[in-house]
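Okay, query.cif now, which holds mmCIF, C-alpha atoms and all ligand atoms:
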```
data_protein
#
loop_
_atom_site.label_atom_id
_atom_site.label_comp_id
_atom_site.auth_asym_id
_atom_site.auth_seq_id
_atom_site.Cartn_x
_atom_site.Cartn_y
_atom_site.Cartn_z
CA MET Y 1 -3.33 -19.69 0.90
CA ARG Y 2 -4.10 -18.99 -2.74
CA PRO Y 3 -7.79 -19.88 -3.31
CA ASP Y 4 -8.98 -21.97 -6.25
CA PRO Y 5 -9.54 -19.91 -9.40
CA HIS Y 6 -12.94 -18.26 -9.39
CA PRO Y 7 -14.74 -19.46 -12.54
CA TYR Y 8 -16.17 -16.01 -13.24
CA TYR Y 9 -13.80 -13.30 -11.98
CA HIS Y 10 -10.72 -15.08 -13.29
CA GLN Y 11 -12.00 -14.51 -16.82
CA ALA Y 12 -11.21 -10.78 -16.58
CA LYS Y 13 -9.43 -9.42 -19.64
CA PHE Y 14 -7.95 -6.03 -20.42
CA LEU Y 15 -10.28 -4.05 -22.68
CA THR Y 16 -9.04 -0.48 -23.06
CA SER Y 17 -7.51 2.59 -21.39
CA CYS Y 18 -9.22 5.98 -21.45
CA ALA Y 19 -7.71 9.40 -20.80
CA GLN Y 20 -11.06 11.13 -21.21
CA LEU Y 21 -14.68 10.28 -20.56
CA LEU Y 22 -15.42 10.51 -24.28
CA GLN Y 23 -13.14 7.53 -24.91
CA LEU Y 24 -15.10 5.20 -22.65
CA PRO Y 25 -16.93 2.31 -24.32
CA PRO Y 26 -20.72 2.73 -24.69
CA ASP Y 27 -22.47 3.33 -21.38
CA GLN Y 28 -24.23 -0.05 -21.37
CA GLY Y 29 -24.28 -3.17 -19.24
CA ALA Y 30 -22.75 -2.99 -15.76
CA GLU Y 31 -19.46 -1.77 -14.30
CA VAL Y 32 -17.87 -1.89 -10.86
CA ALA Y 33 -15.06 0.63 -10.28
CA PHE Y 34 -12.00 0.44 -8.04
CA VAL Y 35 -10.36 3.57 -6.71
CA GLY Y 36 -7.93 4.44 -3.94
CA ARG Y 37 -4.94 6.38 -2.80
CA SER Y 38 -1.78 5.53 -4.68
CA LYS Y 39 0.02 2.56 -3.03
CA ALA Y 40 -3.05 1.68 -0.96
CA GLY Y 41 -3.05 -1.75 -2.60
CA LYS Y 42 -5.59 -1.37 -5.43
CA SER Y 43 -3.59 -3.26 -8.07
CA SER Y 44 -2.82 -6.07 -5.64
CA ALA Y 45 -6.51 -6.31 -4.70
CA LEU Y 46 -7.55 -6.45 -8.39
CA ASN Y 47 -4.96 -9.14 -9.04
CA ALA Y 48 -6.11 -11.14 -6.00
CA ILE Y 49 -9.78 -11.13 -6.96
CA THR Y 50 -9.15 -11.97 -10.60
CA GLY Y 51 -6.25 -14.35 -9.96
CA GLN Y 52 -4.20 -12.60 -12.62
CA ARG Y 53 -0.87 -11.07 -11.88
CA GLN Y 54 -0.83 -9.34 -15.24
CA LEU Y 55 -4.17 -7.63 -14.97
CA ALA Y 56 -3.44 -4.51 -12.99
CA ARG Y 57 0.13 -4.43 -14.25
CA VAL Y 58 -1.28 -3.00 -17.46
CA ALA Y 59 -2.46 -0.06 -15.42
CA LYS Y 60 1.01 0.49 -14.00
CA LEU Y 61 2.79 0.89 -17.32
CA PRO Y 62 4.41 4.32 -17.67
CA GLY Y 63 1.85 6.84 -18.87
CA ARG Y 64 -1.09 4.65 -17.90
CA THR Y 65 -1.39 5.59 -14.25
CA GLN Y 66 -3.62 8.58 -14.99
CA LEU Y 67 -6.01 6.58 -17.17
CA ILE Y 68 -9.22 4.70 -16.53
CA ASN Y 69 -8.39 1.08 -17.38
CA LEU Y 70 -11.27 -1.22 -18.21
CA PHE Y 71 -11.43 -5.01 -18.04
CA THR Y 72 -14.22 -7.18 -19.36
CA LEU Y 73 -15.70 -9.96 -17.25
CA ASP Y 74 -18.29 -11.05 -19.81
CA PRO Y 75 -19.90 -9.36 -22.82
CA ILE Y 76 -21.98 -7.03 -20.64
CA ARG Y 77 -20.01 -6.62 -17.39
CA ARG Y 78 -16.74 -4.81 -16.71
CA LEU Y 79 -14.29 -3.73 -14.02
CA ALA Y 80 -12.94 -0.18 -14.08
CA ASP Y 81 -9.57 0.60 -12.50
CA LEU Y 82 -9.56 4.34 -11.77
CA PRO Y 83 -6.32 6.33 -11.44
CA GLY Y 84 -4.90 6.55 -7.91
CA TYR Y 85 -4.71 9.80 -6.00
CA GLY Y 86 -2.51 11.30 -3.34
CA TYR Y 87 0.75 11.40 -5.28
CA ALA Y 88 2.99 13.76 -3.36
CA ARG Y 89 4.35 15.62 -6.34
CA VAL Y 90 1.71 16.12 -8.98
CA SER Y 91 1.07 19.53 -10.46
CA ASP Y 92 -2.14 21.42 -9.82
CA ALA Y 93 -3.07 20.86 -13.45
CA MET Y 94 -2.70 17.06 -13.04
CA GLN Y 95 -4.76 17.18 -9.88
CA ARG Y 96 -7.52 19.09 -11.66
CA HIS Y 97 -7.42 16.60 -14.54
CA TRP Y 98 -7.74 13.71 -12.08
CA GLN Y 99 -10.61 15.37 -10.25
CA ASN Y 100 -12.54 16.15 -13.46
CA LEU Y 101 -12.03 12.65 -14.82
CA ILE Y 102 -13.03 10.81 -11.65
CA GLU Y 103 -15.84 13.10 -10.62
CA GLY Y 104 -17.23 13.02 -14.16
CA TYR Y 105 -16.95 9.25 -14.36
CA LEU Y 106 -18.59 8.69 -10.96
CA GLN Y 107 -21.42 11.10 -11.61
CA ARG Y 108 -22.21 10.46 -15.26
CA ARG Y 109 -21.46 6.79 -15.94
CA HIS Y 110 -24.93 5.24 -15.81
CA CYS Y 111 -23.75 1.63 -16.07
CA LEU Y 112 -21.63 2.10 -12.93
CA GLN Y 113 -23.25 -0.02 -10.22
CA GLY Y 114 -20.84 0.31 -7.31
CA LEU Y 115 -17.53 1.75 -6.14
CA VAL Y 116 -14.87 -0.19 -4.24
CA LEU Y 117 -12.76 2.28 -2.28
CA VAL Y 118 -9.41 0.66 -1.50
CA MET Y 119 -7.69 1.88 1.69
CA ASP Y 120 -4.64 0.74 3.58
CA ILE Y 121 -6.19 -0.47 6.84
CA ARG Y 122 -3.56 1.52 8.72
CA HIS Y 123 -4.61 4.80 7.04
CA ALA Y 124 -8.35 4.50 6.52
CA LEU Y 125 -10.78 7.26 5.50
CA THR Y 126 -8.49 10.13 4.56
CA ALA Y 127 -9.97 13.46 3.51
CA GLN Y 128 -9.66 12.39 -0.15
CA ASP Y 129 -11.40 9.09 0.59
CA GLN Y 130 -14.24 11.09 2.14
CA GLN Y 131 -14.40 13.35 -0.91
CA LEU Y 132 -14.80 10.30 -3.17
CA LEU Y 133 -17.53 8.89 -0.97
CA GLY Y 134 -19.20 12.29 -1.20
CA TRP Y 135 -19.19 12.18 -5.01
CA ALA Y 136 -20.62 8.66 -4.94
CA ALA Y 137 -23.31 9.66 -2.45
CA GLU Y 138 -24.31 12.66 -4.58
CA ARG Y 139 -25.66 10.33 -7.24
CA GLY Y 140 -26.74 7.57 -4.87
CA LEU Y 141 -23.98 5.20 -5.98
CA PRO Y 142 -23.33 2.37 -3.48
CA ALA Y 143 -19.76 2.20 -2.15
CA HIS Y 144 -17.75 -0.44 -0.30
CA ALA Y 145 -14.63 0.36 1.74
CA LEU Y 146 -11.96 -2.28 1.27
CA LEU Y 147 -9.59 -2.18 4.25
CA THR Y 148 -6.63 -3.92 2.73
CA LYS Y 149 -3.21 -5.04 3.99
CA ALA Y 150 -5.01 -6.48 7.03
CA ASP Y 151 -2.14 -8.98 7.31
CA LYS Y 152 -0.04 -6.04 8.57
CA LEU Y 153 -2.18 -5.88 11.73
CA SER Y 154 -3.11 -8.43 14.37
CA PHE Y 155 -6.56 -9.99 14.04
CA GLY Y 156 -7.83 -7.87 16.95
CA ALA Y 157 -6.40 -4.61 15.64
CA ALA Y 158 -7.86 -5.24 12.18
CA LYS Y 159 -11.29 -5.94 13.71
CA ASN Y 160 -11.08 -2.77 15.80
CA THR Y 161 -10.29 -0.69 12.73
CA LEU Y 162 -13.24 -2.21 10.90
CA LEU Y 163 -15.48 -1.30 13.85
CA GLN Y 164 -14.11 2.23 13.92
CA VAL Y 165 -14.61 2.72 10.18
CA THR Y 166 -18.11 1.23 10.34
CA LYS Y 167 -18.91 3.71 13.10
CA GLU Y 168 -17.60 6.63 11.05
CA LEU Y 169 -19.71 5.50 8.12
CA ALA Y 170 -22.86 5.10 10.20
CA GLY Y 171 -25.79 6.88 8.60
CA THR Y 172 -24.41 6.35 5.09
CA SER Y 173 -25.02 3.36 2.83
CA VAL Y 174 -21.28 2.64 2.58
CA THR Y 175 -20.30 -0.89 3.64
CA ALA Y 176 -16.83 -2.00 4.75
CA GLN Y 177 -14.75 -5.16 5.00
CA ILE Y 178 -11.29 -6.39 5.88
CA PHE Y 179 -9.07 -7.61 3.03
CA SER Y 180 -5.56 -8.85 2.31
CA ALA Y 181 -4.06 -9.50 -1.11
CA THR Y 182 -1.27 -11.43 0.60
CA SER Y 183 -3.40 -13.89 2.56
CA TYR Y 184 -6.47 -13.62 0.29
CA GLN Y 185 -8.59 -12.81 3.34
CA GLY Y 186 -11.87 -11.27 2.23
CA VAL Y 187 -11.68 -12.28 -1.45
CA ALA Y 188 -14.92 -14.29 -1.31
CA GLU Y 189 -16.70 -11.48 0.55
CA LEU Y 190 -15.69 -8.98 -2.13
CA HIS Y 191 -16.77 -11.34 -4.92
CA GLN Y 192 -20.19 -11.50 -3.26
CA GLN Y 193 -20.48 -7.74 -3.08
CA MET Y 194 -19.57 -7.49 -6.76
CA ASP Y 195 -22.01 -10.27 -7.71
CA THR Y 196 -24.79 -8.22 -6.14
CA TRP Y 197 -23.82 -4.97 -7.87
CA LEU Y 198 -23.25 -6.63 -11.23
CA GLY Y 199 -26.59 -8.41 -10.96
CA ARG Y 200 -25.00 -11.74 -11.78
CA PHE Y 201 -27.70 -13.85 -10.23
CA LYS Y 202 -30.69 -11.70 -11.02
CA ARG Y 203 -33.45 -13.45 -12.89
P1 LIG R 1 -1.67 0.59 -5.75
O1 LIG R 1 -0.74 1.73 -6.05
O2 LIG R 1 -2.83 1.04 -4.92
O3 LIG R 1 -2.09 -0.18 -6.94
O4 LIG R 1 -0.87 -0.38 -4.76
P2 LIG R 1 -0.15 -1.79 -5.03
O5 LIG R 1 -1.14 -2.88 -5.20
O6 LIG R 1 0.88 -1.63 -6.07
O7 LIG R 1 0.54 -2.01 -3.59
C1 LIG R 1 1.48 -1.11 -3.05
C2 LIG R 1 2.43 -1.88 -2.17
O8 LIG R 1 1.73 -2.51 -1.11
C3 LIG R 1 3.16 -3.02 -2.91
O9 LIG R 1 4.48 -3.12 -2.41
C4 LIG R 1 2.36 -4.27 -2.55
O10 LIG R 1 3.11 -5.45 -2.57
C5 LIG R 1 1.90 -3.94 -1.13
N1 LIG R 1 0.62 -4.58 -0.81
C6 LIG R 1 -0.54 -4.46 -1.51
N2 LIG R 1 -1.53 -5.18 -0.93
C7 LIG R 1 -1.00 -5.77 0.15
C8 LIG R 1 -1.52 -6.65 1.18
O11 LIG R 1 -2.70 -7.03 1.21
N3 LIG R 1 -0.64 -7.03 2.16
C9 LIG R 1 0.66 -6.61 2.19
N4 LIG R 1 1.42 -7.03 3.20
N5 LIG R 1 1.18 -5.81 1.25
C10 LIG R 1 0.37 -5.38 0.23
#
```

Please rewrite the model in this file as structure tokens.
Amino acid sequence: MRPDPHPYYHQAKFLTSCAQLLQLPPDQGAEVAFVGRSKAGKSSALNAITGQRQLARVAKLPGRTQLINLFTLDPIRRLADLPGYGYARVSDAMQRHWQNLIEGYLQRRHCLQGLVLVMDIRHALTAQDQQLLGWAAERGLPAHALLTKADKLSFGAAKNTLLQVTKELAGTSVTAQIFSATSYQGVAELHQQMDTWLGRFKR
């Protein structure tokens, strides 16, 4: 069932798209970034947590899929939608561009407080997912694995996958949860994680 609008996250508004790190807005305030394999369900997850069908659609416009798209939540906090990876037919040059952009963003963006790694629960923790977690770990950036499309599995199978992933991530600071943009399962849990990273209730 569609939950009631969240008074904070539903305020999200498109800010800008950046093809290069130099185009990013000033490195101030706090950002939480979303990344994932193409088609994993990142746009649907962003739409579900902000209650806005239009939000991640911006990122899907032709020519925008390789950009970092930023959304404001309030004057000092933002969401960053990072370009997806794992396209079957991208050139080596495109792949290098993606790697430089994402690695640079993850390692040099000081206002970045946490990374949500979106994975299809049926194909969790690919080699590229692990590489991203590695980049995050290199600078001590907290990460959260979002196992989405959980509605495609039975309750038991989804729980088992979560256990498996948690086991694989043992010894790291990466957390994990089950999610579904279709049933809205896990939306409140993700909001809580983001609240913590964005320091919304810090005094
Ligand atoms: P993105 O490329 O990572 O942004 O992926 P999208 O959000 O566009 O999702 C890719 C496909 O998976 C679309 O057909 C979505 O409708 C579908 N999808 C995304 N999230 C879910 C989910 O939680 N449950 C189900 N059943 N389908 C989903």

Proximity to ligand LIG 1 (chain R) - best of Y:Leu169, Y:Leu70, Y:Ile102, Y:Ile178, all atoms listed in the file: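 Closest candidate: Y:Ile178.
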
Contacts of ligand LIG 1 (chain R), 6 Å or closer, all atoms listed in the file, given as an NGL selection string: :Y and (38-44 or 148-149 or 151-152 or 180-182)

For CA of Gly86 (chain Y) and CA of Ala124 (chain Y), the interatomic separation in Å (one decimal): 13.3 Å

Separation of CA of Ser154 (chain Y) from CA of Leu117 (chain Y), in Å and rounded to one decimal: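 Value for the CA of Ser154 (chain Y)-CA of Leu117 (chain Y) distance: 22.0 Å.
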
Option closest in space to Gln28 (chain Y), from Y:Ser91, Y:Ile68, Y:Glu168, Y:Arg109 [counting all atoms listed in the file]: Y:Arg109

Distance in Å - CA of Ile49 (chain Y) versus CA of Thr16 (chain Y):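 A separation of 19.3 Å between them.
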
Spatial neighbours of Ala176 (chain Y), max dist 8 Å, only C-alpha atoms, sep filter under 2 positions, as an MDAnalysis selection string: chainID Y and resid 144:147 162 165:166 174 178

Selected residue of minimal separation from Gly36 (chain Y) among Y:Ala158, Y:Val118, Y:Ala12, Y:Leu133, counting all atoms listed in the file: Y:Val118
